[in-house]
>>> print(open('structure.txt').read())   # compact mmCIF, C-alpha atoms and all ligand atoms
# COMPACT_ATOMS: atom_id res chain seq x y z
CA MET A 1 -19.21 63.44 -32.25
CA THR A 2 -20.83 62.38 -35.52
CA GLN A 3 -19.97 58.95 -36.89
CA THR A 4 -19.63 58.48 -40.61
CA THR A 5 -20.34 55.03 -42.04
CA GLU A 6 -18.53 54.18 -45.21
CA ARG A 7 -20.79 53.68 -48.20
CA VAL A 8 -20.71 50.35 -49.99
CA ASN A 9 -19.42 50.78 -53.52
CA LEU A 10 -21.70 48.52 -55.56
CA LEU A 11 -19.03 48.20 -58.26
CA ASP A 12 -17.09 46.05 -55.78
CA LEU A 13 -19.81 43.37 -55.82
CA ASP A 14 -20.34 40.61 -58.36
CA ARG A 15 -23.71 38.83 -58.70
CA GLU A 16 -23.21 36.76 -55.51
CA GLY A 17 -22.01 39.81 -53.63
CA LEU A 18 -25.02 41.85 -54.73
CA ILE A 19 -27.40 39.06 -53.74
CA ALA A 20 -25.84 38.83 -50.27
CA PHE A 21 -25.95 42.61 -49.94
CA CYS A 22 -29.63 42.84 -50.93
CA GLU A 23 -30.58 40.05 -48.54
CA GLN A 24 -28.72 41.82 -45.77
CA MET A 25 -30.83 44.90 -46.54
CA GLY A 26 -34.01 42.81 -46.26
CA GLU A 27 -34.58 42.82 -50.04
CA LYS A 28 -35.37 39.90 -52.32
CA ARG A 29 -32.68 38.24 -54.48
CA PHE A 30 -34.23 39.47 -57.73
CA ARG A 31 -33.46 43.04 -56.66
CA ALA A 32 -29.78 42.15 -57.00
CA ILE A 33 -30.34 41.11 -60.62
CA GLN A 34 -32.19 44.35 -61.30
CA LEU A 35 -29.27 46.27 -59.83
CA LEU A 36 -26.79 44.24 -61.82
CA ARG A 37 -28.64 45.05 -65.03
CA TRP A 38 -28.93 48.75 -64.30
CA ILE A 39 -25.31 49.17 -63.29
CA HIS A 40 -23.48 46.93 -65.73
CA ARG A 41 -25.85 46.32 -68.64
CA HIS A 42 -27.25 49.84 -68.87
CA CYS A 43 -24.16 51.55 -67.37
CA VAL A 44 -26.35 53.71 -65.15
CA GLY A 45 -24.75 55.32 -62.10
CA ASP A 46 -27.72 57.33 -60.84
CA PHE A 47 -30.17 55.46 -58.59
CA GLU A 48 -33.00 57.86 -59.50
CA LYS A 49 -32.86 56.54 -63.06
CA MET A 50 -33.42 52.92 -61.92
CA THR A 51 -37.11 53.30 -62.43
CA ASP A 52 -38.26 49.75 -61.76
CA LEU A 53 -36.78 49.72 -58.25
CA ALA A 54 -39.21 50.55 -55.42
CA LYS A 55 -38.80 54.10 -54.13
CA SER A 56 -38.07 52.84 -50.62
CA PHE A 57 -35.26 50.61 -51.95
CA ARG A 58 -33.83 53.47 -53.97
CA ALA A 59 -33.83 55.64 -50.85
CA LYS A 60 -31.88 52.96 -48.96
CA LEU A 61 -29.40 52.66 -51.81
CA ILE A 62 -28.89 56.42 -51.96
CA ALA A 63 -28.30 56.54 -48.20
CA GLN A 64 -25.97 53.58 -47.89
CA THR A 65 -24.27 52.91 -51.20
CA GLU A 66 -22.55 54.46 -54.17
CA ILE A 67 -21.54 53.53 -57.71
CA LYS A 68 -18.03 54.89 -57.88
CA ALA A 69 -15.64 54.20 -60.75
CA PRO A 70 -12.11 55.65 -60.81
CA VAL A 71 -12.03 59.22 -62.12
CA PRO A 72 -10.17 59.90 -65.38
CA ILE A 73 -7.47 62.55 -65.12
CA TRP A 74 -6.52 62.22 -68.77
CA ASP A 75 -8.63 61.16 -71.74
CA LYS A 76 -7.26 61.30 -75.26
CA LYS A 77 -8.33 60.11 -78.67
CA SER A 78 -5.84 59.10 -81.30
CA THR A 79 -6.35 59.87 -84.98
CA ASP A 80 -6.68 56.09 -85.57
CA GLY A 81 -9.65 55.87 -83.15
CA THR A 82 -7.67 54.47 -80.20
CA ARG A 83 -8.68 56.11 -76.95
CA LYS A 84 -6.69 56.18 -73.76
CA TRP A 85 -7.67 57.09 -70.24
CA LEU A 86 -5.46 57.65 -67.23
CA PHE A 87 -7.46 56.98 -64.06
CA ASP A 88 -6.66 58.39 -60.65
CA VAL A 89 -6.66 55.62 -58.04
CA GLY A 90 -5.55 57.76 -55.11
CA ASN A 91 -2.31 58.59 -53.31
CA GLY A 92 -0.62 59.75 -56.49
CA ASN A 93 -1.28 56.43 -58.24
CA ALA A 94 -2.78 56.26 -61.71
CA VAL A 95 -3.58 53.42 -64.09
CA GLU A 96 -4.09 53.27 -67.84
CA THR A 97 -6.95 51.90 -69.90
CA VAL A 98 -6.97 51.73 -73.69
CA PHE A 99 -9.81 51.21 -76.17
CA ILE A 100 -8.81 49.85 -79.57
CA PRO A 101 -11.53 49.85 -82.23
CA GLU A 102 -11.24 47.48 -85.17
CA ASP A 103 -13.60 46.61 -88.01
CA ASP A 104 -15.12 43.59 -86.29
CA ARG A 105 -14.54 44.31 -82.60
CA GLY A 106 -13.87 46.90 -79.92
CA THR A 107 -11.20 45.84 -77.42
CA LEU A 108 -10.57 47.38 -74.03
CA CYS A 109 -7.22 46.83 -72.34
CA VAL A 110 -7.63 47.05 -68.57
CA SER A 111 -5.13 47.46 -65.70
CA THR A 112 -5.26 45.34 -62.55
CA GLN A 113 -2.61 46.84 -60.28
CA ALA A 114 -1.10 50.25 -59.65
CA GLY A 115 2.47 49.47 -60.68
CA CYS A 116 3.74 45.91 -60.79
CA ALA A 117 6.08 43.83 -58.66
CA MET A 118 7.30 41.56 -61.46
CA GLY A 119 10.08 43.85 -62.67
CA CYS A 120 10.24 42.77 -66.32
CA LEU A 121 13.16 44.60 -67.80
CA PHE A 122 11.42 45.80 -70.97
CA CYS A 123 8.32 47.15 -69.21
CA SER A 124 7.65 50.73 -68.27
CA THR A 125 5.12 49.68 -65.61
CA GLY A 126 7.66 47.32 -64.06
CA LYS A 127 9.97 50.29 -63.59
CA GLN A 128 7.53 51.88 -61.16
CA GLY A 129 7.57 49.04 -58.68
CA PHE A 130 4.43 47.80 -57.00
CA ASN A 131 2.10 50.24 -55.32
CA ARG A 132 -1.10 48.27 -54.68
CA ASN A 133 -3.72 45.88 -56.02
CA LEU A 134 -6.73 47.51 -57.63
CA LYS A 135 -10.09 46.81 -56.00
CA THR A 136 -12.80 45.06 -58.01
CA SER A 137 -14.54 48.43 -58.41
CA GLU A 138 -11.37 49.92 -59.88
CA ILE A 139 -10.95 47.06 -62.37
CA ILE A 140 -14.58 46.77 -63.50
CA GLY A 141 -14.89 50.57 -63.14
CA GLN A 142 -12.50 50.99 -66.10
CA LEU A 143 -14.87 48.93 -68.28
CA TRP A 144 -17.95 50.61 -66.84
CA HIS A 145 -16.58 54.10 -67.49
CA ALA A 146 -15.27 53.25 -70.97
CA GLU A 147 -18.48 51.55 -72.15
CA LYS A 148 -20.66 54.36 -70.73
CA THR A 149 -18.54 57.13 -72.25
CA LEU A 150 -18.16 55.47 -75.66
CA ARG A 151 -21.90 54.81 -75.86
CA GLU A 152 -22.71 58.39 -74.98
CA ASP A 153 -20.23 59.66 -77.58
CA LEU A 154 -21.57 57.38 -80.30
CA GLY A 155 -25.22 57.96 -79.36
CA VAL A 156 -25.79 54.25 -78.65
CA THR A 157 -28.96 53.82 -76.59
CA ASP A 158 -29.76 50.12 -76.89
CA PRO A 159 -27.82 48.20 -74.18
CA ALA A 160 -27.67 45.22 -76.54
CA ASP A 161 -25.39 47.28 -78.80
CA ARG A 162 -22.16 46.98 -76.90
CA VAL A 163 -19.27 49.14 -78.02
CA ILE A 164 -16.75 46.99 -76.19
CA SER A 165 -16.87 43.39 -77.40
CA ASN A 166 -13.52 42.16 -76.07
CA VAL A 167 -11.58 42.77 -72.88
CA VAL A 168 -7.91 42.00 -72.32
CA LEU A 169 -6.34 42.22 -68.88
CA MET A 170 -3.01 43.30 -70.30
CA GLY A 171 -2.67 46.79 -68.92
CA MET A 172 -0.63 47.68 -65.86
CA GLY A 173 0.03 44.94 -63.32
CA GLU A 174 0.08 41.16 -63.12
CA PRO A 175 -3.60 40.12 -62.96
CA LEU A 176 -2.96 36.80 -61.23
CA GLN A 177 -1.28 38.55 -58.31
CA ASN A 178 -4.62 40.16 -57.62
CA LEU A 179 -6.68 37.05 -58.22
CA ASP A 180 -9.72 37.56 -55.95
CA ASN A 181 -10.51 41.03 -57.27
CA VAL A 182 -9.78 39.98 -60.84
CA VAL A 183 -12.07 36.94 -60.57
CA ALA A 184 -14.96 39.08 -59.27
CA ALA A 185 -14.43 41.55 -62.13
CA LEU A 186 -14.27 38.71 -64.69
CA LYS A 187 -17.54 37.28 -63.37
CA LEU A 188 -19.22 40.65 -63.95
CA MET A 189 -17.80 40.79 -67.49
CA LEU A 190 -19.23 37.35 -68.29
CA ASP A 191 -22.56 37.67 -66.46
CA ASP A 192 -25.51 37.73 -68.87
CA ASN A 193 -27.05 40.47 -66.76
CA GLY A 194 -23.72 42.31 -66.65
CA TYR A 195 -21.56 42.84 -69.73
CA GLY A 196 -22.49 39.47 -71.24
CA LEU A 197 -19.09 38.90 -72.85
CA SER A 198 -18.15 35.44 -74.05
CA ARG A 199 -15.27 33.65 -72.26
CA ARG A 200 -13.46 33.55 -75.59
CA ARG A 201 -13.53 37.33 -75.78
CA VAL A 202 -12.06 37.98 -72.36
CA THR A 203 -8.32 37.36 -72.05
CA VAL A 204 -6.15 37.35 -68.95
CA SER A 205 -2.46 37.89 -69.55
CA THR A 206 0.11 36.54 -67.11
CA CYS A 207 3.87 36.53 -66.88
CA GLY A 208 3.56 32.92 -65.74
CA LEU A 209 2.38 32.50 -62.13
CA THR A 210 1.75 28.79 -62.51
CA LEU A 211 -0.23 28.08 -59.31
CA GLN A 212 -2.44 31.08 -59.94
CA MET A 213 -3.06 29.86 -63.49
CA ASP A 214 -4.54 26.68 -62.00
CA LYS A 215 -6.71 28.76 -59.68
CA LEU A 216 -7.96 30.91 -62.55
CA ALA A 217 -8.81 27.76 -64.53
CA ALA A 218 -10.89 26.51 -61.60
CA ALA A 219 -12.63 29.82 -60.89
CA VAL A 220 -13.34 31.41 -64.25
CA PRO A 221 -11.48 29.92 -67.20
CA VAL A 222 -11.29 32.72 -69.74
CA ALA A 223 -8.82 32.91 -72.64
CA LEU A 224 -5.19 33.02 -71.56
CA ALA A 225 -2.18 34.91 -72.88
CA VAL A 226 1.25 34.16 -71.46
CA SER A 227 4.11 36.65 -71.65
CA LEU A 228 6.91 34.39 -72.78
CA HIS A 229 9.55 36.74 -74.21
CA ALA A 230 12.48 34.27 -74.12
CA PRO A 231 13.01 30.66 -75.20
CA THR A 232 15.51 29.62 -72.52
CA ASP A 233 15.69 29.92 -68.75
CA GLU A 234 19.08 31.55 -69.04
CA LEU A 235 17.72 34.48 -71.04
CA ARG A 236 14.30 34.64 -69.40
CA ASP A 237 15.86 34.79 -65.93
CA GLN A 238 17.59 37.97 -67.01
CA ILE A 239 14.67 39.83 -68.54
CA MET A 240 11.81 38.42 -66.40
CA PRO A 241 12.83 37.81 -62.78
CA ILE A 242 9.67 35.71 -62.18
CA ASN A 243 11.29 32.98 -64.28
CA LYS A 244 13.64 32.13 -61.41
CA LYS A 245 10.58 31.11 -59.39
CA HIS A 246 8.54 29.57 -62.20
CA PRO A 247 10.97 28.28 -64.84
CA LEU A 248 9.93 27.45 -68.38
CA ALA A 249 9.35 23.71 -67.87
CA ASP A 250 6.86 24.49 -65.06
CA LEU A 251 5.26 27.18 -67.18
CA MET A 252 4.76 24.86 -70.16
CA ALA A 253 3.24 22.22 -67.87
CA ALA A 254 0.86 24.84 -66.41
CA CYS A 255 -0.13 25.92 -69.94
CA LYS A 256 -1.03 22.32 -70.81
CA ARG A 257 -3.15 22.03 -67.65
CA TYR A 258 -4.89 25.32 -68.45
CA LEU A 259 -5.74 24.18 -71.96
CA ALA A 260 -7.97 21.48 -70.50
CA HIS A 261 -10.28 24.28 -69.22
CA ALA A 262 -9.68 27.09 -71.70
CA PRO A 263 -12.49 28.38 -73.91
CA ARG A 264 -10.12 28.35 -76.86
CA ASP A 265 -8.03 25.40 -77.89
CA TYR A 266 -4.82 27.39 -77.76
CA ILE A 267 -2.78 29.66 -75.51
CA THR A 268 -1.53 32.94 -76.92
CA PHE A 269 2.16 33.48 -76.29
CA GLU A 270 3.15 37.12 -76.22
CA TYR A 271 6.73 37.64 -77.34
CA ILE A 272 8.28 41.07 -77.24
CA LEU A 273 11.10 41.32 -79.77
CA LEU A 274 14.05 43.17 -78.25
CA GLY A 275 16.64 44.16 -80.82
CA GLY A 276 19.71 41.94 -80.55
CA VAL A 277 18.48 40.23 -77.38
CA ASN A 278 15.82 37.64 -78.23
CA ASP A 279 15.02 38.32 -81.88
CA ARG A 280 17.49 36.03 -83.66
CA LEU A 281 16.64 32.97 -85.66
CA GLU A 282 18.29 30.80 -83.01
CA HIS A 283 15.71 32.13 -80.52
CA ALA A 284 12.84 31.30 -82.88
CA LYS A 285 14.20 27.77 -83.30
CA ALA A 286 14.52 27.30 -79.55
CA LEU A 287 10.96 28.59 -79.10
CA VAL A 288 9.55 25.98 -81.45
CA LYS A 289 11.24 23.26 -79.38
CA LEU A 290 10.04 24.81 -76.13
CA VAL A 291 6.34 24.96 -77.04
CA LYS A 292 6.20 21.50 -78.63
CA GLY A 293 3.04 19.82 -77.36
CA VAL A 294 1.38 23.10 -76.27
CA SER A 295 -1.35 24.20 -78.64
CA CYS A 296 -0.54 27.87 -79.16
CA LYS A 297 -0.41 31.01 -81.25
CA PHE A 298 2.30 33.64 -81.12
CA ASN A 299 1.82 37.37 -80.98
CA LEU A 300 5.10 39.14 -81.70
CA ILE A 301 5.47 42.65 -80.30
CA PRO A 302 8.30 44.76 -81.67
CA PHE A 303 9.75 46.61 -78.67
CA ASN A 304 8.94 50.28 -78.43
CA PRO A 305 11.76 51.97 -76.48
CA PHE A 306 10.94 54.28 -73.56
CA PRO A 307 13.29 56.61 -71.67
CA ASP A 308 16.04 54.73 -69.77
CA SER A 309 14.99 51.38 -71.17
CA ASP A 310 18.47 50.83 -72.67
CA LEU A 311 16.91 48.36 -75.10
CA ARG A 312 16.33 48.85 -78.77
CA LYS A 313 13.71 48.20 -81.41
CA PRO A 314 14.24 45.09 -83.50
CA ASP A 315 15.08 45.51 -87.17
CA LEU A 316 12.08 45.02 -89.42
CA ALA A 317 13.90 42.30 -91.36
CA ASP A 318 14.51 40.36 -88.13
CA VAL A 319 10.83 40.64 -87.17
CA LYS A 320 9.82 39.29 -90.55
CA ALA A 321 12.35 36.44 -90.44
CA PHE A 322 11.23 35.50 -86.91
CA GLN A 323 7.57 35.46 -87.93
CA ASP A 324 8.26 33.54 -91.14
CA TYR A 325 10.19 30.87 -89.25
CA LEU A 326 7.39 30.28 -86.74
CA ILE A 327 4.76 30.22 -89.48
CA GLY A 328 6.93 27.81 -91.44
CA GLN A 329 6.85 25.50 -88.43
CA GLY A 330 3.04 25.54 -88.48
CA ILE A 331 2.51 28.07 -85.65
CA VAL A 332 0.00 30.86 -86.30
CA THR A 333 2.03 34.01 -85.67
CA THR A 334 0.92 37.62 -85.84
CA VAL A 335 2.85 40.84 -85.34
CA ARG A 336 1.10 43.39 -83.15
CA LYS A 337 0.33 46.64 -84.92
CA THR A 338 1.19 49.79 -83.02
CA ARG A 339 -1.89 51.88 -82.36
CA GLY A 340 -2.39 55.27 -80.82
CA ASP A 341 1.20 56.36 -81.38
CA ASP A 342 0.19 60.00 -81.36
CA ILE A 343 -1.32 59.87 -77.86
CA ASP A 344 1.66 58.31 -76.14
CA ALA A 345 4.24 55.58 -76.36
CA ALA A 346 4.68 52.38 -74.36
CA CYS A 347 2.08 51.07 -71.91
CA GLY A 348 2.73 52.24 -68.38
CA GLN A 349 4.67 55.30 -69.42
CA LEU A 350 1.99 57.84 -68.67
CA ALA A 351 1.35 56.56 -65.19
CA GLY A 352 5.06 56.05 -64.71
CA ASN A 353 5.54 59.75 -65.18
CA ILE A 354 3.44 60.31 -62.08
CA LYS A 355 5.69 58.69 -59.51
CA ASP A 356 8.46 56.19 -58.87
CA LYS A 357 7.73 55.51 -55.25
CA THR A 358 9.59 52.34 -54.61
CA ARG A 359 13.08 53.24 -55.80
CA ARG A 360 12.48 50.71 -58.52
CA ALA A 361 14.64 52.70 -60.95
CA GLU A 362 17.63 52.20 -58.67
CA ARG A 363 17.03 48.47 -58.38
CA LEU A 364 16.58 48.18 -62.14
CA ALA A 365 19.93 49.78 -62.71
CA GLN A 366 21.49 47.07 -60.53
CA GLN A 367 19.56 44.37 -62.41
CA LYS A 368 20.80 45.72 -65.74
CA ALA A 369 24.40 45.74 -64.55
CA GLN A 370 24.20 41.94 -64.38
CA LEU A 371 22.91 41.36 -67.89
CA THR A 372 25.19 39.24 -69.98
CA PHE A 373 23.37 39.87 -73.27
CA LEU A 374 23.76 43.65 -72.99
CA VAL A 375 27.49 43.22 -72.52
CA LYS A 376 27.56 41.01 -75.61
CA GLU A 377 25.73 43.61 -77.65
CA ALA A 378 27.96 46.52 -76.65
S1 LIG B 401 5.25 43.06 -68.36
FE1 LIG B 401 3.44 42.74 -67.08
S2 LIG B 401 4.19 41.43 -65.41
FE2 LIG B 401 6.02 42.32 -66.37
S3 LIG B 401 6.46 44.18 -65.16
FE3 LIG B 401 5.16 44.79 -66.91
S4 LIG B 401 3.07 44.75 -66.10
FE4 LIG B 401 4.34 43.55 -64.70
>>> encode(input="structure.txt", output="structure tokens", more="lines below")
Ligand code: SF4
Amino acid sequence: MTQTTERVNLLDLDREGLIAFCEQMGEKRFRAIQLLRWIHRHCVGDFEKMTDLAKSFRAKLIAQTEIKAPVPIWDKKSTDGTRKWLFDVGNGNAVETVFIPEDDRGTLCVSTQAGCAMGCLFCSTGKQGFNRNLKTSEIIGQLWHAEKTLREDLGVTDPADRVISNVVLMGMGEPLQNLDNVVAALKLMLDDNGYGLSRRRVTVSTCGLTLQMDKLAAAVPVALAVSLHAPTDELRDQIMPINKKHPLADLMAACKRYLAHAPRDYITFEYILLGGVNDRLEHAKALVKLVKGVSCKFNLIPFNPFPDSDLRKPDLADVKAFQDYLIGQGIVTTVRKTRGDDIDAACGQLAGNIKDKTRRAERLAQQKAQLTFLVKEA
């Protein structure tokens, strides 16, 4: 019987991991840095092209390892330049990655889990339930594939000319529930021999896992965005179940602790405006009280309905009034522009069309039946 040994996917290894791996192969530490540069700085996936590696080392790499990013099953460009990939991560699971070009930057939005266990009511990904954590190779592989493809398309040959200047971990999943793999991927993003991104240009978004926020601050303190979405525990409990475990007072305290390590002197609060639910002036006033003492900016996101969401878009006038009130209170507040409307709608929807494996839809229906604000709105 022939035995097959599994190849080591080098995309799973950060700098320390590559060093340990090279030493285990009887190679010097500097070989790990060469590999790091070839794979992540030059975005090369073919060992034969790594010309400054000794032939014998290349032969060992070819025999024992691989550079394997998730495979795109869908790749579309919007008329506004936004590009979206749907990556196959096995067993019927798929995750989304989006590139958003702007005048002064190119931002990639990366997923960290297939599905999500957090069950936020307004989120298409949350509707799918949780399938599994992505491996480091599947997280960094989204950046690797996107940077490589965009460079090839644009004819960029100098590795110093990066197409992607910013990364946000705001795609599918709760990044801090997959902390170890996320931290390894973040280290590769920041490594000077990897993607060389500044800590200020890499943002992790969380729904508010307070203990994990402390761990992120200790491991690799990048910029932080917190999905807030409600100014009171009563309302947040209903639209974000995680709030029952980590209520707003704990979350605000965790934000203050994080600020001591953050590369920016503010936290970004993401606030999705749900028509008639959390978009009234009274909510804006309560928010200002809530975040008192937390240096922050607000990013308002008008809700984009998806099938069976049972929630509606906010009125434009309400969005404007909400923004004006926060600005009037001295809080920098932006409204997120919708991009890539012609290639699909809300985040998570594409992948959500693939499978609902965990009967999440059924559980959501029960959750909705208990919502007091929906009754009020009817
Ligand atoms: S908003 Fe984020 S944390 Fe909430 S269900 Fe969606 S992916 Fe998960």
>>> closest_residue(input="structure.txt", among="A:Leu108, A:Leu53, A:Leu209, A:Cys22", to="ligand LIG 401 (chain B)", atoms="only C-alpha atoms and all ligand atoms")
A:Leu209
>>> closest_residue(input="structure.txt", among="A:Met50, A:Val167, A:Leu273, A:Val291", to="Leu316 in chain A", atoms="all atoms listed in the file")
A:Leu273
>>> residues_near_ligand(input="structure.txt", ligand="ligand LIG 401 (chain B)", cutoff="8 Å", atoms="all atoms listed in the file", output="list in words")
Gly115, Cys116, Ala117, Met118, Gly119, Cys120, Leu121, Phe122, Cys123, Ser124, Thr125, Gly126, Lys127, Met170, Gly171, Met172, Gly173, Glu174, Thr206, Cys207, Ser227, Met240 and Gly348 of chain A
>>> write_last_selection(input="structure.txt", atoms="C-alpha atoms", output="PDB file, in the coordinates of the input")
ATOM      1  CA  GLY A 115       2.470  49.470 -60.680  1.00  0.00           C
ATOM      2  CA  CYS A 116       3.740  45.910 -60.790  1.00  0.00           C
ATOM      3  CA  ALA A 117       6.080  43.830 -58.660  1.00  0.00           C
ATOM      4  CA  MET A 118       7.300  41.560 -61.460  1.00  0.00           C
ATOM      5  CA  GLY A 119      10.080  43.850 -62.670  1.00  0.00           C
ATOM      6  CA  CYS A 120      10.240  42.770 -66.320  1.00  0.00           C
ATOM      7  CA  LEU A 121      13.160  44.600 -67.800  1.00  0.00           C
ATOM      8  CA  PHE A 122      11.420  45.800 -70.970  1.00  0.00           C
ATOM      9  CA  CYS A 123       8.320  47.150 -69.210  1.00  0.00           C
ATOM     10  CA  SER A 124       7.650  50.730 -68.270  1.00  0.00           C
ATOM     11  CA  THR A 125       5.120  49.680 -65.610  1.00  0.00           C
ATOM     12  CA  GLY A 126       7.660  47.320 -64.060  1.00  0.00           C
ATOM     13  CA  LYS A 127       9.970  50.290 -63.590  1.00  0.00           C
ATOM     14  CA  MET A 170      -3.010  43.300 -70.300  1.00  0.00           C
ATOM     15  CA  GLY A 171      -2.670  46.790 -68.920  1.00  0.00           C
ATOM     16  CA  MET A 172      -0.630  47.680 -65.860  1.00  0.00           C
ATOM     17  CA  GLY A 173       0.030  44.940 -63.320  1.00  0.00           C
ATOM     18  CA  GLU A 174       0.080  41.160 -63.120  1.00  0.00           C
ATOM     19  CA  THR A 206       0.110  36.540 -67.110  1.00  0.00           C
ATOM     20  CA  CYS A 207       3.870  36.530 -66.880  1.00  0.00           C
ATOM     21  CA  SER A 227       4.110  36.650 -71.650  1.00  0.00           C
ATOM     22  CA  MET A 240      11.810  38.420 -66.400  1.00  0.00           C
ATOM     23  CA  GLY A 348       2.730  52.240 -68.380  1.00  0.00           C
TER      24      GLY A 348
END
>>> atom_distance(input="structure.txt", atom1="CA of Asp75 in chain A", atom2="CA of Asn304 in chain A")
21.7 Å
>>> residues_around(input="structure.txt", residues="range 181-189 of chain A", least_positions_apart="4", cutoff="7 Å", atoms="only C-alpha atoms", output="number ranges by chain")
A: 14, 135-136, 139-140, 175, 194-197, 220
>>> residues_around(input="structure.txt", residues="Ser205 in chain A", least_positions_apart="6", cutoff="12 Å", atoms="only C-alpha atoms", output="count of residues only")
30
>>> atom_distance(input="structure.txt", atom1="CA of Glu138 in chain A", atom2="CA of Lys68 in chain A")
8.5 Å
>>> closest_residue(input="structure.txt", among="A:Val98, A:Leu10, A:Ala262, A:Val156", to="Ser137 in chain A", atoms="all atoms listed in the file")
A:Leu10
>>> atom_distance(input="structure.txt", atom1="CA of Ile343 in chain A", atom2="CA of Trp74 in chain A")
10.7 Å
>>> closest_residue(input="structure.txt", among="A:Leu326, A:Ala114, A:Cys43, A:Val277", to="Ala160 in chain A", atoms="only C-alpha atoms")
A:Cys43
>>> residues_around(input="structure.txt", residues="Ala32 in chain A", least_positions_apart="6", cutoff="12 Å", atoms="only C-alpha atoms", output="compact mmCIF listing (two decimals) with C-alpha atoms, in the coordinates of the input")
# COMPACT_ATOMS: atom_id res chain seq x y z
CA LEU A 10 -21.70 48.52 -55.56
CA LEU A 13 -19.81 43.37 -55.82
CA ASP A 14 -20.34 40.61 -58.36
CA ARG A 15 -23.71 38.83 -58.70
CA GLU A 16 -23.21 36.76 -55.51
CA GLY A 17 -22.01 39.81 -53.63
CA LEU A 18 -25.02 41.85 -54.73
CA ILE A 19 -27.40 39.06 -53.74
CA ALA A 20 -25.84 38.83 -50.27
CA PHE A 21 -25.95 42.61 -49.94
CA CYS A 22 -29.63 42.84 -50.93
CA GLU A 23 -30.58 40.05 -48.54
CA GLN A 24 -28.72 41.82 -45.77
CA MET A 25 -30.83 44.90 -46.54
CA GLY A 26 -34.01 42.81 -46.26
CA TRP A 38 -28.93 48.75 -64.30
CA ILE A 39 -25.31 49.17 -63.29
CA HIS A 40 -23.48 46.93 -65.73
CA LEU A 53 -36.78 49.72 -58.25
CA PHE A 57 -35.26 50.61 -51.95
CA LEU A 61 -29.40 52.66 -51.81
CA ASN A 193 -27.05 40.47 -66.76
CA GLY A 194 -23.72 42.31 -66.65
>>> residues_around(input="structure.txt", residues="Ser56 in chain A", least_positions_apart="4", cutoff="12 Å", atoms="all atoms listed in the file", output="PyMOL selection string")
chain A and resi 25-27+47-48+51-52+60-63
>>> write_last_selection(input="structure.txt", atoms="C-alpha atoms", output="short mmCIF file (atom, residue, chain, number, x, y, z; two decimals), in the coordinates of the input")
data_model
loop_
_atom_site.label_atom_id
_atom_site.label_comp_id
_atom_site.auth_asym_id
_atom_site.auth_seq_id
_atom_site.Cartn_x
_atom_site.Cartn_y
_atom_site.Cartn_z
CA MET A 25 -30.83 44.90 -46.54
CA GLY A 26 -34.01 42.81 -46.26
CA GLU A 27 -34.58 42.82 -50.04
CA PHE A 47 -30.17 55.46 -58.59
CA GLU A 48 -33.00 57.86 -59.50
CA THR A 51 -37.11 53.30 -62.43
CA ASP A 52 -38.26 49.75 -61.76
CA LYS A 60 -31.88 52.96 -48.96
CA LEU A 61 -29.40 52.66 -51.81
CA ILE A 62 -28.89 56.42 -51.96
CA ALA A 63 -28.30 56.54 -48.20
#
>>> closest_residue(input="structure.txt", among="A:Leu11, A:Ala219, A:Ile272, A:Ala317", to="Trp144 in chain A", atoms="all atoms listed in the file")
A:Leu11
